[in-house]
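Novice: File structure.cif follows (mmCIF, C-alpha atoms):
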data_protein
loop_
_atom_site.group_PDB
_atom_site.id
_atom_site.type_symbol
_atom_site.label_atom_id
_atom_site.label_comp_id
_atom_site.auth_asym_id
_atom_site.auth_seq_id
_atom_site.Cartn_x
_atom_site.Cartn_y
_atom_site.Cartn_z
ATOM 1 C CA MET L 1 27.116 -52.154 9.185
ATOM 2 C CA SER L 2 29.498 -51.531 6.319
ATOM 3 C CA GLY L 3 29.046 -48.467 4.107
ATOM 4 C CA GLY L 4 28.316 -48.475 0.384
ATOM 5 C CA ARG L 5 26.933 -51.361 -1.572
ATOM 6 C CA ARG L 6 25.356 -54.432 0.000
ATOM 7 C CA LYS L 7 23.427 -57.299 -1.524
ATOM 8 C CA GLU L 8 22.826 -57.375 -5.268
ATOM 9 C CA GLU L 9 19.412 -56.322 -6.473
ATOM 10 C CA PRO L 10 18.032 -56.261 -9.987
ATOM 11 C CA SER L 11 18.253 -52.638 -11.088
ATOM 12 C CA GLN L 12 14.936 -50.841 -10.840
ATOM 13 C CA PRO L 13 13.807 -49.186 -14.032
ATOM 14 C CA GLN L 14 13.174 -45.483 -13.722
ATOM 15 C CA LEU L 15 11.421 -43.002 -15.927
ATOM 16 C CA ALA L 16 13.589 -40.693 -18.014
ATOM 17 C CA ASN L 17 15.386 -37.794 -16.407
ATOM 18 C CA GLY L 18 14.006 -37.512 -12.921
ATOM 19 C CA ALA L 19 10.554 -39.008 -12.436
ATOM 20 C CA LEU L 20 10.645 -42.080 -10.222
ATOM 21 C CA LYS L 21 8.710 -45.288 -10.406
ATOM 22 C CA VAL L 22 6.800 -46.438 -7.344
ATOM 23 C CA SER L 23 9.235 -49.316 -6.816
ATOM 24 C CA VAL L 24 12.066 -46.881 -6.114
ATOM 25 C CA TRP L 25 10.204 -45.404 -3.181
ATOM 26 C CA SER L 26 9.990 -48.862 -1.609
ATOM 27 C CA LYS L 27 13.801 -48.776 -1.344
ATOM 28 C CA VAL L 28 13.939 -45.347 0.186
ATOM 29 C CA LEU L 29 13.347 -46.324 3.809
ATOM 30 C CA ARG L 30 15.423 -49.480 3.672
ATOM 31 C CA SER L 31 18.858 -48.847 5.087
ATOM 32 C CA ASP L 32 20.173 -51.980 3.381
ATOM 33 C CA ALA L 33 18.945 -51.046 -0.101
ATOM 34 C CA ALA L 34 21.479 -51.104 -2.918
ATOM 35 C CA TRP L 35 21.669 -48.085 -5.213
ATOM 36 C CA GLU L 36 23.331 -49.242 -8.392
ATOM 37 C CA ASP L 37 21.944 -46.358 -10.422
ATOM 38 C CA LYS L 38 23.472 -43.103 -9.177
ATOM 39 C CA ASP L 39 20.920 -40.948 -10.951
ATOM 40 C CA GLU L 40 18.132 -42.851 -9.263
ATOM 41 C CA PHE L 41 19.563 -42.107 -5.831
ATOM 42 C CA LEU L 42 20.152 -38.462 -6.692
ATOM 43 C CA ASP L 43 16.540 -38.193 -7.843
ATOM 44 C CA VAL L 44 15.428 -39.539 -4.462
ATOM 45 C CA ILE L 45 17.516 -36.870 -2.729
ATOM 46 C CA TYR L 46 16.021 -34.262 -5.060
ATOM 47 C CA TRP L 47 12.422 -35.201 -4.352
ATOM 48 C CA PHE L 48 13.043 -35.514 -0.619
ATOM 49 C CA ARG L 49 14.272 -31.923 -0.667
ATOM 50 C CA GLN L 50 11.101 -30.760 -2.419
ATOM 51 C CA ILE L 51 8.928 -32.540 0.141
ATOM 52 C CA ILE L 52 10.909 -31.004 3.023
ATOM 53 C CA ALA L 53 10.547 -27.582 1.398
ATOM 54 C CA VAL L 54 6.750 -27.840 1.193
ATOM 55 C CA VAL L 55 6.393 -29.242 4.721
ATOM 56 C CA LEU L 56 8.674 -26.637 6.293
ATOM 57 C CA GLY L 57 6.905 -23.927 4.313
ATOM 58 C CA VAL L 58 3.593 -24.957 5.848
ATOM 59 C CA ILE L 59 5.049 -25.194 9.366
ATOM 60 C CA TRP L 60 6.952 -21.922 9.100
ATOM 61 C CA GLY L 61 3.867 -20.192 7.722
ATOM 62 C CA VAL L 62 1.627 -21.533 10.502
ATOM 63 C CA LEU L 63 3.976 -20.864 13.464
ATOM 64 C CA PRO L 64 4.730 -18.206 12.063
ATOM 65 C CA LEU L 65 8.499 -18.167 11.845
ATOM 66 C CA ARG L 66 9.549 -15.010 10.069
ATOM 67 C CA GLY L 67 12.666 -13.203 8.992
ATOM 68 C CA PHE L 68 16.006 -14.566 7.968
ATOM 69 C CA LEU L 69 16.004 -16.847 10.997
ATOM 70 C CA GLY L 70 13.275 -18.785 9.254
ATOM 71 C CA ILE L 71 15.259 -18.973 6.025
ATOM 72 C CA ALA L 72 18.436 -19.994 7.838
ATOM 73 C CA GLY L 73 16.452 -22.598 9.751
ATOM 74 C CA PHE L 74 15.143 -24.012 6.498
ATOM 75 C CA CYS L 75 18.628 -24.235 4.979
ATOM 76 C CA LEU L 76 20.031 -25.981 8.033
ATOM 77 C CA ILE L 77 17.178 -28.438 8.392
ATOM 78 C CA ASN L 78 17.049 -29.192 4.665
ATOM 79 C CA ALA L 79 20.778 -29.854 4.458
ATOM 80 C CA GLY L 80 20.970 -31.532 7.863
ATOM 81 C CA VAL L 81 18.094 -33.974 7.462
ATOM 82 C CA LEU L 82 19.305 -35.180 4.091
ATOM 83 C CA TYR L 83 22.869 -35.421 5.340
ATOM 84 C CA VAL L 84 21.788 -37.605 8.251
ATOM 85 C CA TYR L 85 19.684 -39.677 5.847
ATOM 86 C CA PHE L 86 22.367 -40.476 3.291
ATOM 87 C CA SER L 87 25.351 -40.439 5.617
ATOM 88 C CA ASN L 88 24.108 -42.142 8.777
ATOM 89 C CA TYR L 89 20.988 -44.051 7.768
ATOM 90 C CA LEU L 90 21.915 -45.283 4.296
ATOM 91 C CA GLN L 91 25.677 -44.992 4.906
ATOM 92 C CA ILE L 92 26.277 -44.036 1.310
ATOM 93 C CA ASP L 93 29.847 -43.460 0.188
ATOM 94 C CA GLU L 94 29.628 -39.752 -0.647
ATOM 95 C CA GLU L 95 32.737 -39.882 -2.811
ATOM 96 C CA GLU L 96 30.903 -42.029 -5.329
ATOM 97 C CA TYR L 97 28.560 -39.096 -5.914
ATOM 98 C CA GLY L 98 31.194 -36.395 -6.007
ATOM 99 C CA GLY L 99 31.326 -35.642 -2.300
ATOM 100 C CA THR L 100 28.990 -34.306 0.371
ATOM 101 C CA TRP L 101 28.698 -30.925 -1.356
ATOM 102 C CA GLU L 102 27.333 -32.479 -4.566
ATOM 103 C CA LEU L 103 24.720 -34.365 -2.574
ATOM 104 C CA THR L 104 23.879 -31.282 -0.552
ATOM 105 C CA LYS L 105 23.347 -29.056 -3.563
ATOM 106 C CA GLU L 106 21.251 -31.627 -5.454
ATOM 107 C CA GLY L 107 17.929 -29.831 -5.951
ATOM 108 C CA PHE L 108 18.711 -27.287 -3.228
ATOM 109 C CA MET L 109 17.902 -24.116 -5.159
ATOM 110 C CA THR L 110 14.650 -25.528 -6.508
ATOM 111 C CA SER L 111 13.644 -26.623 -3.025
ATOM 112 C CA PHE L 112 14.503 -23.168 -1.709
ATOM 113 C CA ALA L 113 12.273 -21.530 -4.310
ATOM 114 C CA LEU L 114 9.520 -24.016 -3.457
ATOM 115 C CA PHE L 115 9.949 -23.272 0.242
ATOM 116 C CA MET L 116 9.615 -19.554 -0.455
ATOM 117 C CA VAL L 117 6.400 -20.126 -2.386
ATOM 118 C CA SER L 118 5.028 -22.429 0.306
ATOM 119 C CA VAL L 119 5.873 -20.134 3.211
ATOM 120 C CA THR L 120 4.571 -17.065 1.385
ATOM 121 C CA GLU L 121 1.282 -18.827 0.621
ATOM 122 C CA ASN L 122 0.905 -19.874 4.229
ATOM 123 C CA ALA L 123 1.953 -16.518 5.611
ATOM 124 C CA THR L 124 -0.602 -14.831 3.357
ATOM 125 C CA ALA L 125 -3.236 -17.363 4.402
ATOM 126 C CA GLY L 126 -2.349 -16.618 8.014
ATOM 127 C CA CYS L 127 -2.809 -12.897 7.459
ATOM 128 C CA HIS L 128 -6.112 -13.600 5.750
ATOM 129 C CA LEU L 129 -7.296 -15.701 8.682
ATOM 130 C CA ASP L 130 -6.193 -13.071 11.209
ATOM 131 C CA HIS L 131 -8.067 -10.468 9.256
ATOM 132 C CA LEU L 132 -11.205 -12.617 9.153
ATOM 133 C CA LEU L 133 -11.088 -13.322 12.885
ATOM 134 C CA HIS L 134 -10.412 -9.702 13.637
ATOM 135 C CA CYS L 135 -13.234 -8.436 11.479
ATOM 136 C CA HIS L 136 -15.626 -11.249 12.316
ATOM 137 C CA PRO L 137 -14.890 -12.330 15.886
ATOM 138 C CA LEU L 138 -16.651 -15.507 16.987
ATOM 139 C CA MET D 139 -7.083 -9.303 2.351
ATOM 140 C CA SER D 140 -9.241 -12.106 0.964
ATOM 141 C CA THR D 141 -8.445 -10.760 -2.508
ATOM 142 C CA MET D 142 -4.743 -11.019 -1.686
ATOM 143 C CA PHE D 143 -5.018 -14.659 -0.724
ATOM 144 C CA ALA D 144 -7.037 -15.393 -3.852
ATOM 145 C CA ASP D 145 -4.381 -13.575 -5.911
ATOM 146 C CA THR D 146 -1.645 -15.703 -4.337
ATOM 147 C CA LEU D 147 -3.431 -18.914 -5.223
ATOM 148 C CA LEU D 148 -4.176 -17.608 -8.692
ATOM 149 C CA ILE D 149 -0.521 -16.795 -9.344
ATOM 150 C CA VAL D 150 0.575 -20.283 -8.301
ATOM 151 C CA PHE D 151 -2.089 -21.693 -10.592
ATOM 152 C CA ILE D 152 -0.915 -19.409 -13.422
ATOM 153 C CA SER D 153 2.672 -20.578 -12.872
ATOM 154 C CA VAL D 154 1.665 -24.217 -13.105
ATOM 155 C CA CYS D 155 -0.323 -23.533 -16.259
ATOM 156 C CA THR D 156 2.393 -21.472 -17.930
ATOM 157 C CA ALA D 157 5.020 -24.069 -17.099
ATOM 158 C CA LEU D 158 2.843 -26.797 -18.598
ATOM 159 C CA LEU D 159 2.008 -24.611 -21.584
ATOM 160 C CA ALA D 160 5.648 -23.687 -22.170
ATOM 161 C CA GLU D 161 6.727 -27.303 -21.991
ATOM 162 C CA GLY D 162 3.833 -28.312 -24.213
ATOM 163 C CA ILE D 163 4.676 -25.749 -26.873
ATOM 164 C CA THR D 164 8.344 -26.622 -26.659
ATOM 165 C CA TRP D 165 7.507 -30.292 -27.019
ATOM 166 C CA VAL D 166 5.471 -29.632 -30.148
ATOM 167 C CA LEU D 167 8.065 -27.325 -31.712
ATOM 168 C CA VAL D 168 11.286 -28.815 -30.453
ATOM 169 C CA TYR D 169 11.365 -31.934 -28.313
ATOM 170 C CA ARG D 170 9.671 -34.262 -30.751
ATOM 171 C CA THR D 171 11.837 -33.238 -33.722
ATOM 172 C CA ASP D 172 14.530 -35.644 -34.877
ATOM 173 C CA LYS D 173 17.153 -32.929 -34.847
ATOM 174 C CA TYR D 174 16.559 -32.203 -31.154
ATOM 175 C CA LYS D 175 16.569 -35.886 -30.238
ATOM 176 C CA ARG D 176 19.844 -36.388 -32.099
ATOM 177 C CA LEU D 177 21.406 -33.328 -30.524
ATOM 178 C CA LYS D 178 20.301 -34.336 -27.049
ATOM 179 C CA ALA D 179 21.654 -37.858 -27.488
ATOM 180 C CA GLU D 180 24.918 -36.386 -28.754
ATOM 181 C CA VAL D 181 25.179 -34.073 -25.745
ATOM 182 C CA GLU D 182 24.498 -36.906 -23.314
ATOM 183 C CA LYS D 183 27.061 -39.116 -25.012
ATOM 184 C CA GLN D 184 29.679 -36.383 -25.068
ATOM 185 C CA SER D 185 29.026 -35.459 -21.435
ATOM 186 C CA LYS D 186 29.473 -39.007 -20.211
ATOM 187 C CA LYS D 187 32.551 -39.518 -22.362
ATOM 188 C CA LEU D 188 34.074 -36.297 -21.123
ATOM 189 C CA GLU D 189 33.326 -37.135 -17.519
ATOM 190 C CA LYS D 190 35.009 -40.508 -17.871
ATOM 191 C CA LYS D 191 38.015 -38.932 -19.560
ATOM 192 C CA LYS D 192 38.356 -36.341 -16.817
ATOM 193 C CA GLU D 193 38.294 -39.040 -14.166
ATOM 194 C CA THR D 194 41.072 -41.023 -15.807
ATOM 195 C CA ILE D 195 43.324 -38.140 -16.792
ATOM 196 C CA THR D 196 46.448 -37.882 -14.676
ATOM 197 C CA GLU D 197 48.719 -34.999 -13.679
ATOM 198 C CA SER D 198 51.317 -36.164 -16.148
ATOM 199 C CA ALA D 199 48.855 -36.213 -19.062
ATOM 200 C CA GLY D 200 50.191 -34.453 -22.108
ATOM 201 C CA ARG D 201 49.275 -30.909 -23.065
ATOM 202 C CA GLN D 202 47.662 -32.209 -26.222
ATOM 203 C CA GLN D 203 45.355 -34.493 -24.299
ATOM 204 C CA LYS D 204 44.287 -31.665 -22.003
ATOM 205 C CA LYS D 205 43.702 -29.383 -24.971
ATOM 206 C CA LYS D 206 41.603 -32.084 -26.578
ATOM 207 C CA ILE D 207 39.464 -32.284 -23.467
ATOM 208 C CA GLU D 208 39.087 -28.504 -23.361
ATOM 209 C CA ARG D 209 37.968 -28.500 -27.001
ATOM 210 C CA GLN D 210 35.418 -31.208 -26.251
ATOM 211 C CA GLU D 211 34.168 -29.220 -23.272
ATOM 212 C CA GLU D 212 33.773 -26.130 -25.405
ATOM 213 C CA LYS D 213 31.909 -28.081 -28.081
ATOM 214 C CA LEU D 214 29.671 -29.542 -25.422
ATOM 215 C CA LYS D 215 28.899 -26.144 -23.921
ATOM 216 C CA ASN D 216 27.925 -24.841 -27.341
ATOM 217 C CA ASN D 217 25.689 -27.833 -27.920
ATOM 218 C CA ASN D 218 24.041 -27.260 -24.560
ATOM 219 C CA ARG D 219 23.363 -23.664 -25.491
ATOM 220 C CA ASP D 220 21.867 -24.844 -28.758
ATOM 221 C CA LEU D 221 19.585 -27.168 -26.856
ATOM 222 C CA SER D 222 18.098 -24.686 -24.485
ATOM 223 C CA MET D 223 17.317 -21.189 -25.871
ATOM 224 C CA VAL D 224 13.943 -22.145 -27.368
ATOM 225 C CA ARG D 225 12.739 -23.348 -23.975
ATOM 226 C CA PHE D 226 13.699 -20.088 -22.387
ATOM 227 C CA VAL D 227 12.223 -17.973 -25.169
ATOM 228 C CA SER D 228 8.916 -19.854 -25.170
ATOM 229 C CA LEU D 229 8.632 -19.446 -21.403
ATOM 230 C CA LEU D 230 9.506 -15.769 -21.687
ATOM 231 C CA LYS D 231 6.848 -15.194 -24.352
ATOM 232 C CA ILE D 232 4.221 -16.894 -22.237
ATOM 233 C CA THR D 233 5.279 -14.881 -19.182
ATOM 234 C CA VAL D 234 4.933 -11.628 -21.101
ATOM 235 C CA LEU D 235 1.557 -12.772 -22.419
ATOM 236 C CA CYS D 236 0.409 -13.573 -18.884
ATOM 237 C CA SER D 237 1.486 -10.213 -17.601
ATOM 238 C CA PHE D 238 -0.770 -8.602 -20.194
ATOM 239 C CA LEU D 239 -3.667 -10.967 -19.605
ATOM 240 C CA PHE D 240 -3.551 -10.880 -15.837
ATOM 241 C CA ARG D 241 -3.177 -7.317 -14.650
ATOM 242 C CA PHE D 242 -1.571 -7.324 -11.237
ATOM 243 C CA ASP D 243 0.214 -3.999 -11.507
ATOM 244 C CA GLY D 244 0.122 -2.077 -8.261
ATOM 245 C CA ARG D 245 -1.576 -4.922 -6.407
ATOM 246 C CA VAL D 246 -0.148 -6.577 -3.351
ATOM 247 C CA VAL D 247 -0.563 -10.264 -4.151
ATOM 248 C CA ALA D 248 1.040 -11.792 -1.057
ATOM 249 C CA LYS D 249 2.704 -11.018 2.257
ATOM 250 C CA LEU D 250 6.283 -12.117 2.546
ATOM 251 C CA PRO D 251 7.287 -13.592 5.899
ATOM 252 C CA PHE D 252 10.479 -11.556 5.892
ATOM 253 C CA THR D 253 11.881 -8.244 4.660
ATOM 254 C CA PRO D 254 13.853 -8.892 1.472
ATOM 255 C CA LEU D 255 17.360 -7.545 0.954
ATOM 256 C CA SER D 256 17.424 -4.050 -0.504
ATOM 257 C CA TYR D 257 18.493 -5.080 -3.992
ATOM 258 C CA ILE D 258 15.687 -7.643 -4.142
ATOM 259 C CA GLN D 259 13.095 -5.128 -3.009
ATOM 260 C CA GLY D 260 13.293 -3.570 -6.459
ATOM 261 C CA LEU D 261 11.642 -6.739 -7.703
ATOM 262 C CA SER D 262 9.543 -7.806 -4.723
ATOM 263 C CA HIS D 263 8.051 -4.335 -4.218
ATOM 264 C CA ARG D 264 7.799 -3.446 -7.902
ATOM 265 C CA ASN D 265 5.053 -0.922 -8.734
ATOM 266 C CA LEU D 266 3.601 -1.187 -5.228
ATOM 267 C CA LEU D 267 2.546 1.781 -3.178
ATOM 268 C CA GLY D 268 3.489 2.201 0.461
ATOM 269 C CA ASP D 269 6.602 1.422 2.455
ATOM 270 C CA ASP D 270 5.759 -2.025 3.748
ATOM 271 C CA THR D 271 8.564 -4.076 2.251
ATOM 272 C CA THR D 272 6.863 -7.349 3.127
ATOM 273 C CA ASP D 273 4.269 -6.598 0.449
ATOM 274 C CA CYS D 274 4.896 -8.848 -2.507
ATOM 275 C CA SER D 275 4.359 -7.940 -6.137
ATOM 276 C CA PHE D 276 3.141 -10.276 -8.882
ATOM 277 C CA ILE D 277 6.446 -10.566 -10.679
ATOM 278 C CA PHE D 278 8.423 -11.674 -7.613
ATOM 279 C CA LEU D 279 5.962 -14.364 -6.658
ATOM 280 C CA TYR D 280 5.655 -15.456 -10.272
ATOM 281 C CA ILE D 281 9.426 -15.809 -10.611
ATOM 282 C CA LEU D 282 9.608 -17.867 -7.424
ATOM 283 C CA CYS D 283 6.778 -20.085 -8.621
ATOM 284 C CA THR D 284 8.343 -20.557 -12.030
ATOM 285 C CA MET D 285 11.727 -21.438 -10.561
ATOM 286 C CA SER D 286 10.245 -24.145 -8.395
ATOM 287 C CA ILE D 287 7.214 -25.413 -10.268
ATOM 288 C CA ARG D 288 8.658 -25.436 -13.781
ATOM 289 C CA GLN D 289 11.742 -27.337 -12.698
ATOM 290 C CA ASN D 290 9.651 -29.974 -10.980
ATOM 291 C CA ILE D 291 7.267 -30.274 -13.899
ATOM 292 C CA GLN D 292 10.197 -30.815 -16.253
ATOM 293 C CA LYS D 293 11.499 -33.542 -14.007
ATOM 294 C CA ILE D 294 8.133 -35.246 -13.681
ATOM 295 C CA LEU D 295 7.582 -35.171 -17.438
ATOM 296 C CA GLY D 296 11.107 -36.412 -18.065
ATOM 297 C CA LEU D 297 12.112 -33.309 -20.006
ATOM 298 C CA ALA D 298 14.911 -32.111 -17.758
ATOM 299 C CA PRO D 299 18.431 -32.443 -19.158
ATOM 300 C CA SER D 300 20.615 -35.149 -17.670
ATOM 301 C CA ARG D 301 22.970 -34.372 -14.812
ATOM 302 C CA ALA D 302 26.037 -35.059 -16.908
ATOM 303 C CA ALA D 303 24.926 -32.485 -19.479
ATOM 304 C CA THR D 304 24.035 -29.983 -16.748
ATOM 305 C CA LYS D 305 27.395 -30.435 -15.093
ATOM 306 C CA GLN D 306 29.284 -29.784 -18.310
ATOM 307 C CA ALA D 307 27.137 -26.723 -18.991
ATOM 308 C CA GLY D 308 28.060 -25.377 -15.559
ATOM 309 C CA GLY D 309 24.837 -25.282 -13.573
ATOM 310 C CA PHE D 310 24.971 -23.625 -10.163
ATOM 311 C CA LEU D 311 23.450 -25.244 -7.123
ATOM 312 C CA GLY D 312 20.945 -27.376 -8.888
ATOM 313 C CA PRO D 313 18.743 -25.962 -11.676
ATOM 314 C CA PRO D 314 19.995 -26.493 -15.196
ATOM 315 C CA PRO D 315 20.914 -23.351 -17.127
ATOM 316 C CA PRO D 316 18.435 -21.888 -19.611
ATOM 317 C CA SER D 317 18.534 -23.470 -23.034
ATOM 318 C CA GLY D 318 20.267 -22.278 -26.167
ATOM 319 C CA LYS D 319 18.944 -21.478 -29.624
ATOM 320 C CA PHE D 320 17.550 -24.431 -31.452
ATOM 321 C CA SER D 321 15.718 -24.516 -34.733
#
Transcribe the structure of this file into structure tokens.
Specialist:
Amino acid sequence: MSGGRRKEEPSQPQLANGALKVSVWSKVLRSDAAWEDKDEFLDVIYWFRQIIAVVLGVIWGVLPLRGFLGIAGFCLINAGVLYVYFSNYLQIDEEEYGGTWELTKEGFMTSFALFMVSVTENATAGCHLDHLLHCHPL
Amino acid sequence: MSTMFADTLLIVFISVCTALLAEGITWVLVYRTDKYKRLKAEVEKQSKKLEKKKETITESAGRQQKKKIERQEEKLKNNNRDLSMVRFVSLLKITVLCSFLFRFDGRVVAKLPFTPLSYIQGLSHRNLLGDDTTDCSFIFLYILCTMSIRQNIQKILGLAPSRAATKQAGGFLGPPPPSGKFS
């Protein structure tokens, strides 16, 4: 399968500055989708990172996976999953978007902050549950 | 412990509300004004023009051309600053108001799943008693919530600046820089 652009598609309208219409998400899992609008694709990467951040925050909080190992794990998985997605699955030409680093840092800090909130919430919930079970054993 | 969990949820809720409130106030005072719309359009246009110019400029381009680009960059940076200070100030005012309305001083509002670095502990363990550095203070959690939630709310509402404008303003690893003074 060749990288970059494939068949022509009418460009999908998107809401201003970052919100995505439902039709965009229908392209997300299609490896042969064409991404004429660069901002649209970058928004998809951005929102994928936020979703990964919330999901990993829940998992890390439930496990629980603590310490900087947890944070490092998040960074690696966040960067790695998206890299595999745009590089191997979609076979996007990274140079069109400024290189792999530009794609990697798209929304990264916001997703990191969201991960921290998510994992803290779940870690606190975990402590709360432990406390309840300890004080009120079944 | 149950109070702590309730506090955590409350702070996330407060962050969502303050982000929405800040954006709402900024929309009323700034976003819907003609001056802001003109300035924003100008910044977007300049950013895209500058980006295109930078792509086409060659090594052998004259000094004058490069100076012209630098002047345009400087003008753009100033315009970006002009676009964003009100946002930051309105959020700051609401944050200060919240800290007076919701008294979390000295209360552990969450448990961090890690021990923060020493220079962050000044913030994460602010005004808390005890030596447990995984105790989280209101301000640390609130800052984390604001960084994540506000950014996403701006994007959902379509109020975030464009990537071209952010790039020219020199954002670092994602979030756009705080706004400049705008009246």
Novice: Any chance you could work out the residue set of the PyMOL selection byres ((chain L and resi 74-90) around 8) here, as a list in words?
Specialist: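 Against this file, the PyMOL selection byres ((chain L and resi 74-90) around 8) returns the residues Gly3, Arg30, Ser31, Asp32, Ala33, Ile45, Phe48, Arg49, Ile52, Ala53, Leu56, Gly70, Ile71, Ala72, Gly73, Gln91, Ile92, Asp93, Glu94, Thr100, Thr104 and Phe112 of chain L.
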Novice: Determine the nearest neighbour of Gly107 of chain L from the options D:Val227, D:Leu250, D:Ile152, D:Met285, counting all atoms listed in the file.
Specialist: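 Of the candidates, the smallest distance to Gly107 of chain L is held by D:Met285.
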Novice: Select, as a short mmCIF file (atom, residue, chain, number, x, y, z; two decimals) with C-alpha atoms, keeping the file's coordinate frame, those residues of chain D with any atom no more than 9 Å from chain L (distances computed using only C-alpha atoms).
Specialist:
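Heads up, here's the output in iface31.cif:
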data_model
loop_
_atom_site.label_atom_id
_atom_site.label_comp_id
_atom_site.auth_asym_id
_atom_site.auth_seq_id
_atom_site.Cartn_x
_atom_site.Cartn_y
_atom_site.Cartn_z
CA MET D 139 -7.08 -9.30 2.35
CA SER D 140 -9.24 -12.11 0.96
CA MET D 142 -4.74 -11.02 -1.69
CA PHE D 143 -5.02 -14.66 -0.72
CA THR D 146 -1.64 -15.70 -4.34
CA LEU D 147 -3.43 -18.91 -5.22
CA VAL D 150 0.57 -20.28 -8.30
CA VAL D 247 -0.56 -10.26 -4.15
CA ALA D 248 1.04 -11.79 -1.06
CA LYS D 249 2.70 -11.02 2.26
CA LEU D 250 6.28 -12.12 2.55
CA PRO D 251 7.29 -13.59 5.90
CA PHE D 252 10.48 -11.56 5.89
CA THR D 253 11.88 -8.24 4.66
CA PRO D 254 13.85 -8.89 1.47
CA LEU D 279 5.96 -14.36 -6.66
CA ILE D 281 9.43 -15.81 -10.61
CA LEU D 282 9.61 -17.87 -7.42
CA CYS D 283 6.78 -20.08 -8.62
CA THR D 284 8.34 -20.56 -12.03
CA MET D 285 11.73 -21.44 -10.56
CA SER D 286 10.24 -24.14 -8.40
CA ILE D 287 7.21 -25.41 -10.27
CA GLN D 289 11.74 -27.34 -12.70
CA ASN D 290 9.65 -29.97 -10.98
CA GLN D 292 10.20 -30.82 -16.25
CA LYS D 293 11.50 -33.54 -14.01
CA ILE D 294 8.13 -35.25 -13.68
CA LEU D 295 7.58 -35.17 -17.44
CA GLY D 296 11.11 -36.41 -18.07
CA LEU D 297 12.11 -33.31 -20.01
CA ALA D 298 14.91 -32.11 -17.76
CA PRO D 299 18.43 -32.44 -19.16
CA SER D 300 20.62 -35.15 -17.67
CA ARG D 301 22.97 -34.37 -14.81
CA PHE D 310 24.97 -23.62 -10.16
CA LEU D 311 23.45 -25.24 -7.12
CA GLY D 312 20.94 -27.38 -8.89
CA PRO D 313 18.74 -25.96 -11.68
#
Novice: Hey, which of D:Leu177, D:Val246, D:Ile277, D:Thr156 ends up closest to Ala144 of chain D? Count only C-alpha atoms.
Specialist: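 Smallest separation from Ala144 of chain D among the options: D:Val246.
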Novice: Between atom CA of Leu214 of chain D and atom CA of Glu180 of chain D, what is the distance, to one decimal in Å?
Specialist: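 Those two atoms sit 9.0 Å apart.
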Novice: Using only the atoms of segment 187-193 of chain D listed in the file, plus 8 Å on each side, state the axis-aligned box centre and edge lengths in Å rounded to one decimal, as AutoDock Vina command-line options.
Specialist:
--center_x 35.5 --center_y -38.4 --center_z -18.3 --size_x 21.8 --size_y 20.2 --size_z 24.2
Novice: List the neighbours of segment 261-268 of chain D out to 9 Å using all atoms listed in the file; skip same-chain residues closer than 4 positions along the sequence, and give me the result as a ChimeraX atom specification.
Specialist: /D:243-246,254,257,272-279
